[in-house]
$ cat model.csv   # CSV, C-alpha atoms
chain,number,residue,atom,x,y,z
A,1,MET,CA,106.9,90.2,102.1
A,2,SER,CA,107.5,87.2,99.8
A,3,ASP,CA,104.0,86.0,100.6
A,4,ILE,CA,102.5,89.4,99.6
A,5,GLY,CA,104.6,89.4,96.4
A,6,ASP,CA,103.4,85.9,95.5
A,7,TRP,CA,99.8,86.9,96.2
A,8,PHE,CA,100.2,90.0,94.0
A,9,LYS,CA,101.7,88.0,91.1
A,10,ASN,CA,98.8,85.6,91.2
A,11,ILE,CA,96.2,88.4,90.6
A,12,PRO,CA,95.0,88.2,87.0
A,13,PHE,CA,97.0,90.4,84.6
A,14,ILE,CA,94.5,93.2,84.0
A,15,THR,CA,93.1,93.3,87.5
A,16,ARG,CA,96.6,93.4,88.9
A,17,TYR,CA,97.5,96.6,87.1
A,18,TRP,CA,94.1,98.2,87.8
A,19,PHE,CA,94.4,97.3,91.5
A,20,ALA,CA,98.0,98.5,91.7
A,21,GLY,CA,97.1,101.8,90.0
A,22,SER,CA,94.2,102.3,92.4
A,23,ILE,CA,96.6,102.1,95.3
A,24,ALA,CA,99.6,104.0,93.7
A,25,VAL,CA,97.6,107.1,92.5
A,26,PRO,CA,95.8,107.8,95.8
A,27,LEU,CA,99.1,107.3,97.6
A,28,ILE,CA,100.8,109.8,95.3
A,29,GLY,CA,98.0,112.3,96.0
A,30,LYS,CA,98.1,111.6,99.8
A,31,LEU,CA,101.9,112.1,100.0
A,32,GLY,CA,101.6,115.3,98.0
A,33,LEU,CA,103.9,114.1,95.2
A,34,ILE,CA,101.3,115.4,92.8
A,35,SER,CA,98.6,117.7,93.9
A,36,PRO,CA,95.1,116.1,93.9
A,37,VAL,CA,94.0,119.1,91.9
A,38,TYR,CA,95.7,117.6,88.9
A,39,LEU,CA,94.2,114.1,89.4
A,40,VAL,CA,90.5,114.8,89.4
A,41,LEU,CA,88.3,115.2,86.4
A,42,TRP,CA,87.6,118.9,85.6
A,43,PRO,CA,85.8,119.5,82.2
A,44,GLU,CA,87.4,122.9,81.8
A,45,ALA,CA,90.9,121.6,82.3
A,46,PHE,CA,90.2,118.7,80.1
A,47,PHE,CA,88.7,120.6,77.2
A,48,HIS,CA,90.4,123.9,77.3
A,49,LYS,CA,93.8,123.1,78.8
A,50,PHE,CA,94.1,119.8,77.1
A,51,GLN,CA,95.0,117.9,80.3
A,52,ILE,CA,94.1,114.6,78.7
A,53,TRP,CA,95.4,112.5,81.5
A,54,ARG,CA,92.5,113.5,83.8
A,55,PRO,CA,90.0,110.8,82.8
A,56,ILE,CA,92.6,108.2,83.6
A,57,SER,CA,93.8,109.7,86.9
A,58,ALA,CA,90.3,110.4,88.0
A,59,THR,CA,89.5,106.7,87.5
A,60,LEU,CA,92.4,105.6,89.7
A,61,TYR,CA,92.4,108.4,92.3
A,62,PHE,CA,90.4,108.6,95.5
A,63,PRO,CA,90.9,111.1,98.3
A,64,VAL,CA,91.9,108.9,101.3
A,65,GLY,CA,91.4,110.5,104.7
A,66,PRO,CA,89.7,109.8,108.1
A,67,GLY,CA,86.3,110.3,106.6
A,68,THR,CA,86.8,108.4,103.4
A,69,GLY,CA,89.4,105.7,104.2
A,70,PHE,CA,86.8,103.0,105.0
A,71,LEU,CA,84.8,103.7,101.8
A,72,TYR,CA,88.0,103.5,99.8
A,73,LEU,CA,89.1,100.2,101.3
A,74,VAL,CA,85.7,98.6,100.8
A,75,ASN,CA,85.6,99.6,97.1
A,76,LEU,CA,89.2,98.5,96.6
A,77,TYR,CA,88.1,95.1,98.0
A,78,PHE,CA,85.2,95.1,95.5
A,79,LEU,CA,87.6,95.9,92.7
A,80,TYR,CA,89.9,93.0,93.6
A,81,GLN,CA,87.2,90.5,94.3
A,82,TYR,CA,84.8,91.0,91.3
A,83,SER,CA,87.3,92.0,88.7
A,84,THR,CA,89.3,88.9,89.5
A,85,ARG,CA,86.2,86.7,89.3
A,86,LEU,CA,85.2,88.1,85.9
A,87,GLU,CA,88.7,87.9,84.5
A,88,THR,CA,89.2,84.3,85.6
A,89,GLY,CA,85.5,83.3,85.0
A,90,ALA,CA,83.4,84.5,82.1
A,91,PHE,CA,86.4,86.1,80.5
A,92,ASP,CA,89.0,83.4,81.3
A,93,GLY,CA,91.6,83.2,78.5
A,94,ARG,CA,90.1,86.2,76.7
A,95,PRO,CA,91.8,89.3,78.1
A,96,ALA,CA,91.0,91.4,75.0
A,97,ASP,CA,87.3,90.9,75.6
A,98,TYR,CA,87.6,91.8,79.3
A,99,MET,CA,89.7,94.9,78.4
A,100,PHE,CA,87.0,95.9,75.9
A,101,MET,CA,84.4,95.7,78.6
A,102,LEU,CA,86.5,97.9,80.9
A,103,LEU,CA,87.1,100.4,78.1
A,104,PHE,CA,83.4,100.5,77.1
A,105,ASN,CA,82.3,101.1,80.6
A,106,TRP,CA,85.1,103.6,81.3
A,107,ILE,CA,84.3,105.6,78.2
A,108,CYS,CA,80.6,105.8,79.1
A,109,ILE,CA,81.5,106.8,82.7
A,110,VAL,CA,83.9,109.5,81.5
A,111,ILE,CA,81.3,111.0,79.2
A,112,THR,CA,78.8,110.9,82.0
A,113,GLY,CA,81.4,112.4,84.4
A,114,LEU,CA,82.1,115.3,82.0
A,115,MET,CA,78.4,116.0,81.5
A,116,MET,CA,77.6,115.9,85.3
A,117,ASP,CA,80.8,117.5,86.4
A,118,MET,CA,81.9,114.4,88.4
A,119,GLN,CA,85.5,114.7,89.7
A,120,LEU,CA,86.1,111.1,90.8
A,121,LEU,CA,85.4,108.0,88.6
A,122,MET,CA,86.8,105.1,90.7
A,123,ILE,CA,83.6,103.9,92.3
A,124,PRO,CA,81.4,104.0,89.1
A,125,LEU,CA,83.9,101.8,87.1
A,126,ILE,CA,84.2,99.3,90.0
A,127,MET,CA,80.4,99.2,90.4
A,128,SER,CA,79.9,98.6,86.6
A,129,VAL,CA,82.2,95.6,86.8
A,130,LEU,CA,80.4,94.3,89.9
A,131,TYR,CA,77.1,94.7,88.1
A,132,VAL,CA,78.2,92.7,85.1
A,133,TRP,CA,79.5,89.9,87.4
A,134,ALA,CA,76.2,89.9,89.3
A,135,GLN,CA,74.2,89.6,86.1
A,136,LEU,CA,76.3,86.8,84.8
A,137,ASN,CA,75.9,85.0,88.1
A,138,ARG,CA,72.4,86.3,89.0
A,139,ASP,CA,71.1,83.1,90.5
A,140,THR,CA,74.2,82.6,92.8
A,141,ILE,CA,73.4,83.1,96.4
A,142,VAL,CA,75.7,85.6,98.0
A,143,SER,CA,76.1,86.6,101.7
A,144,PHE,CA,76.5,90.1,103.0
A,145,TRP,CA,76.8,91.6,106.5
A,146,PHE,CA,75.1,90.0,109.5
A,147,GLY,CA,74.6,86.8,107.6
A,148,THR,CA,72.1,88.2,105.1
A,149,ARG,CA,71.8,86.1,101.9
A,150,PHE,CA,70.2,86.9,98.6
A,151,LYS,CA,70.6,86.3,94.9
A,152,ALA,CA,73.6,88.0,93.2
A,153,CYS,CA,71.4,90.0,90.9
A,154,TYR,CA,70.4,92.1,93.9
A,155,LEU,CA,74.0,92.7,95.1
A,156,PRO,CA,74.7,95.9,93.2
A,157,TRP,CA,71.7,97.5,94.7
A,158,VAL,CA,72.5,96.3,98.2
A,159,ILE,CA,76.0,97.8,97.9
A,160,LEU,CA,74.4,101.0,96.6
A,161,GLY,CA,72.5,101.3,99.8
A,162,PHE,CA,75.5,100.2,101.9
A,163,ASN,CA,77.8,102.8,100.3
A,164,PHE,CA,75.1,105.4,100.9
A,165,ILE,CA,75.1,104.6,104.6
A,166,ILE,CA,78.9,104.9,104.9
A,167,GLY,CA,79.6,107.5,102.2
A,168,GLY,CA,76.4,109.6,102.0
A,169,SER,CA,75.9,109.4,98.2
A,170,ILE,CA,74.4,107.0,95.7
A,171,VAL,CA,75.2,108.9,92.5
A,172,ASN,CA,78.5,107.1,91.8
A,173,GLU,CA,77.0,103.7,92.5
A,174,LEU,CA,73.9,104.4,90.5
A,175,ILE,CA,75.9,105.5,87.4
A,176,GLY,CA,78.1,102.4,87.7
A,177,ASN,CA,75.1,100.2,87.8
A,178,LEU,CA,73.5,101.9,84.8
A,179,VAL,CA,76.7,101.7,82.8
A,180,GLY,CA,77.1,98.0,83.7
A,181,HIS,CA,73.5,97.4,82.7
A,182,LEU,CA,74.1,99.1,79.4
A,183,TYR,CA,77.1,96.8,78.6
A,184,PHE,CA,75.2,93.7,79.7
A,185,PHE,CA,72.1,94.6,77.7
A,186,LEU,CA,74.0,95.4,74.5
A,187,MET,CA,76.5,92.5,74.8
A,188,PHE,CA,74.2,89.7,76.1
A,189,LYS,CA,70.5,90.5,76.7
A,190,TYR,CA,69.6,92.2,73.5
A,191,PRO,CA,71.3,90.0,70.9
A,192,MET,CA,70.8,86.7,72.7
A,193,ASP,CA,67.6,86.9,74.6
A,194,LEU,CA,65.7,89.3,72.4
A,195,GLY,CA,67.2,88.3,69.0
A,196,GLY,CA,68.5,91.8,68.2
A,197,ARG,CA,71.6,92.7,66.4
A,198,SER,CA,75.0,92.8,68.2
A,199,PHE,CA,76.1,96.4,68.7
A,200,LEU,CA,79.3,95.5,70.6
A,201,SER,CA,82.3,93.6,69.4
A,202,THR,CA,85.9,93.6,70.6
A,203,PRO,CA,88.2,95.6,68.1
A,204,GLN,CA,90.8,93.6,66.4
A,205,PHE,CA,93.7,95.7,67.8
A,206,LEU,CA,92.8,94.5,71.3
A,207,TYR,CA,93.2,90.9,70.2
A,208,GLN,CA,96.6,91.8,68.8
A,209,MET,CA,97.6,93.5,72.1
A,210,PHE,CA,96.0,90.9,74.4
A,211,PRO,CA,95.9,87.6,72.4
A,212,ASN,CA,93.6,84.8,73.6
A,213,ARG,CA,95.1,82.1,75.7
A,214,ARG,CA,94.4,78.4,75.5
A,215,GLY,CA,92.2,77.0,78.2
A,216,GLY,CA,89.8,79.9,78.2
A,217,VAL,CA,86.0,79.7,78.2
A,218,SER,CA,84.6,78.7,74.9
A,219,GLY,CA,81.7,80.5,73.3
A,220,PHE,CA,82.4,83.9,74.7
A,221,GLY,CA,79.4,86.1,74.9
A,222,VAL,CA,77.1,83.4,76.4
A,223,PRO,CA,76.4,83.8,80.1
A,224,PRO,CA,77.4,80.8,82.1
A,225,SER,CA,74.7,78.1,82.1
A,226,ARG,CA,75.9,76.5,85.2
A,227,ARG,CA,76.3,78.1,88.6
A,228,PRO,CA,79.9,78.9,89.4
A,229,VAL,CA,81.7,77.1,92.1
A,230,PRO,CA,81.6,79.4,95.2
A,231,GLN,CA,84.8,81.2,96.2
A,232,GLU,CA,86.5,80.5,99.5
A,233,GLN,CA,85.3,82.7,102.2
A,234,ALA,CA,87.2,85.9,102.5
A,235,GLY,CA,86.7,85.9,106.3
A,236,GLY,CA,84.5,84.7,109.0
A,237,GLY,CA,81.8,86.6,110.8
A,238,GLY,CA,84.1,87.7,113.6
A,239,GLY,CA,87.3,89.6,114.0
A,240,GLY,CA,86.0,92.5,112.0
A,241,ARG,CA,86.4,90.7,108.7
A,242,HIS,CA,83.4,90.5,106.4
A,243,ASN,CA,82.2,88.4,103.5
A,244,TRP,CA,81.0,90.9,100.9
A,245,GLY,CA,79.5,89.1,98.0
A,246,GLN,CA,80.7,85.7,98.9
A,247,GLY,CA,79.2,83.2,96.5
A,248,PHE,CA,77.2,80.1,97.3
A,249,ARG,CA,75.5,77.6,95.1
A,250,LEU,CA,71.8,77.5,95.4
A,251,GLY,CA,70.7,74.6,97.6
A,252,ASP,CA,73.9,74.8,99.8
A,253,ASP,CA,73.2,74.9,103.4
$ encode --input "model.csv" --output "structure tokens"
Amino acid sequence: MSDIGDWFKNIPFITRYWFAGSIAVPLIGKLGLISPVYLVLWPEAFFHKFQIWRPISATLYFPVGPGTGFLYLVNLYFLYQYSTRLETGAFDGRPADYMFMLLFNWICIVITGLMMDMQLLMIPLIMSVLYVWAQLNRDTIVSFWFGTRFKACYLPWVILGFNFIIGGSIVNELIGNLVGHLYFFLMFKYPMDLGGRSFLSTPQFLYQMFPNRRGGVSGFGVPPSRRPVPQEQAGGGGGGRHNWGQGFRLGDD
């Protein structure tokens, strides 16, 4: 248990609490401590009954059961893997900027969810984070099931197809990809590559709540110019463990 505790403490701060909440809230619903009816996003309950916690609980809750357990675990893995990589990579030492990205994506997803009557928001937010990571590391070669390898920029769309196969829907993944693209376009692509004005900036109160740390990446807002060092493999090809999104530098054998 001490090993698990040490591993959990080593998860970056923001990812740690997001990851823990994404385990605790589904467990609460599974055990019946709180009825799942009160955890999902219902526009009528949100607007007319002022149940303002629903956008948050719907982002953390997922109905875990025999038909959904695998999909939940896969996306929980994506949350841990790519949120950690972003928080310790492009946003290293700048937790306020990372929190702002999460808040921007979350607000966009909540608005979309209310308009489209979506009850669960976990997968869209995870996919939006994965999309941003994939764009910031677009030329990194990643490996997926059965040894397939491709550039990271294609990873969100491969996972969209993968989740469709195991989950039967692509709406959540598609919305996550579109929201992630909106953030990436407004924060990086439009002001830097196209010379447009910057529409997004981290509010000052977030810097007060999450002050910058020394040793972070300088020049935030600029996608990394060098290819990131690949992460250690999450598991080999056998034993039922898979290497979703494992990074490799171009030119590696």
$ atom_distance --input "model.csv" --atom1 "CA of Leu160 (chain A)" --atom2 "CA of Phe62 (chain A)"
17.7 Å
$ atom_distance --input "model.csv" --atom1 "CA of Ile107 (chain A)" --atom2 "CA of Ile14 (chain A)"
17.1 Å
$ closest_residue --input "model.csv" --among "A:Val40, A:Leu60, A:Leu130, A:Lys9" --to "Ala24 (chain A)" --atoms "only C-alpha atoms"
A:Leu60
$ atom_distance --input "model.csv" --atom1 "CA of Gly161 (chain A)" --atom2 "CA of Leu86 (chain A)"
23.0 Å
$ closest_residue --input "model.csv" --among "A:Asp97, A:Ile175, A:Thr112, A:Asn212" --to "Leu200 (chain A)" --atoms "all atoms listed in the file"
A:Asp97
$ residues_near_point --input "model.csv" --point "(94.6, 92.7, 71.7)" --cutoff "10 Å" --atoms "only C-alpha atoms" --output "short mmCIF file (atom, residue, chain, number, x, y, z; two decimals) with C-alpha atoms, keeping the file's coordinate frame"
data_model
loop_
_atom_site.label_atom_id
_atom_site.label_comp_id
_atom_site.auth_asym_id
_atom_site.auth_seq_id
_atom_site.Cartn_x
_atom_site.Cartn_y
_atom_site.Cartn_z
CA ARG A 94 90.10 86.20 76.70
CA PRO A 95 91.80 89.30 78.10
CA ALA A 96 91.00 91.40 75.00
CA ASP A 97 87.30 90.90 75.60
CA MET A 99 89.70 94.90 78.40
CA PHE A 100 87.00 95.90 75.90
CA THR A 202 85.90 93.60 70.60
CA PRO A 203 88.20 95.60 68.10
CA GLN A 204 90.80 93.60 66.40
CA PHE A 205 93.70 95.70 67.80
CA LEU A 206 92.80 94.50 71.30
CA TYR A 207 93.20 90.90 70.20
CA GLN A 208 96.60 91.80 68.80
CA MET A 209 97.60 93.50 72.10
CA PHE A 210 96.00 90.90 74.40
CA PRO A 211 95.90 87.60 72.40
CA ASN A 212 93.60 84.80 73.60
#
$ closest_residue --input "model.csv" --among "A:Pro26, A:Lys189, A:Ser201, A:Val158" --to "Gly69 (chain A)" --atoms "all atoms listed in the file"
A:Pro26
$ closest_residue --input "model.csv" --among "A:Leu39, A:Ile166, A:Ile159, A:Ile34" --to "Ala58 (chain A)" --atoms "only C-alpha atoms"
A:Leu39
$ residues_around --input "model.csv" --residues "Thr59 (chain A)" --least-positions-apart "5" --cutoff "12 Å" --atoms "only C-alpha atoms" --output "VMD selection string"
chain A and resid 18 to 19 21 to 23 25 to 26 39 to 41 53 to 54 102 to 103 105 to 107 109 to 110 113 118 to 126 172
$ closest_atom_pairs --input "model.csv" --of "region 76-148 of chain A" --to "region 182-186 of chain A" --cutoff "8 Å" --atoms "only C-alpha atoms" --output "CSV"
residue,atom,partner,partner_atom,distance
A:Met101,CA,A:Tyr183,CA,7.4
A:Phe104,CA,A:Tyr183,CA,7.5
A:Asn105,CA,A:Tyr183,CA,7.0
A:Val132,CA,A:Phe184,CA,6.3
A:Gln135,CA,A:Phe184,CA,7.7
$ closest_residue --input "model.csv" --among "A:Leu71, A:Pro63, A:Phe164, A:His181" --to "Val37 (chain A)" --atoms "all atoms listed in the file"
A:Pro63
$ closest_residue --input "model.csv" --among "A:Tyr154, A:Met187, A:Asn10, A:Tyr61" --to "Leu76 (chain A)" --atoms "all atoms listed in the file"
A:Tyr61
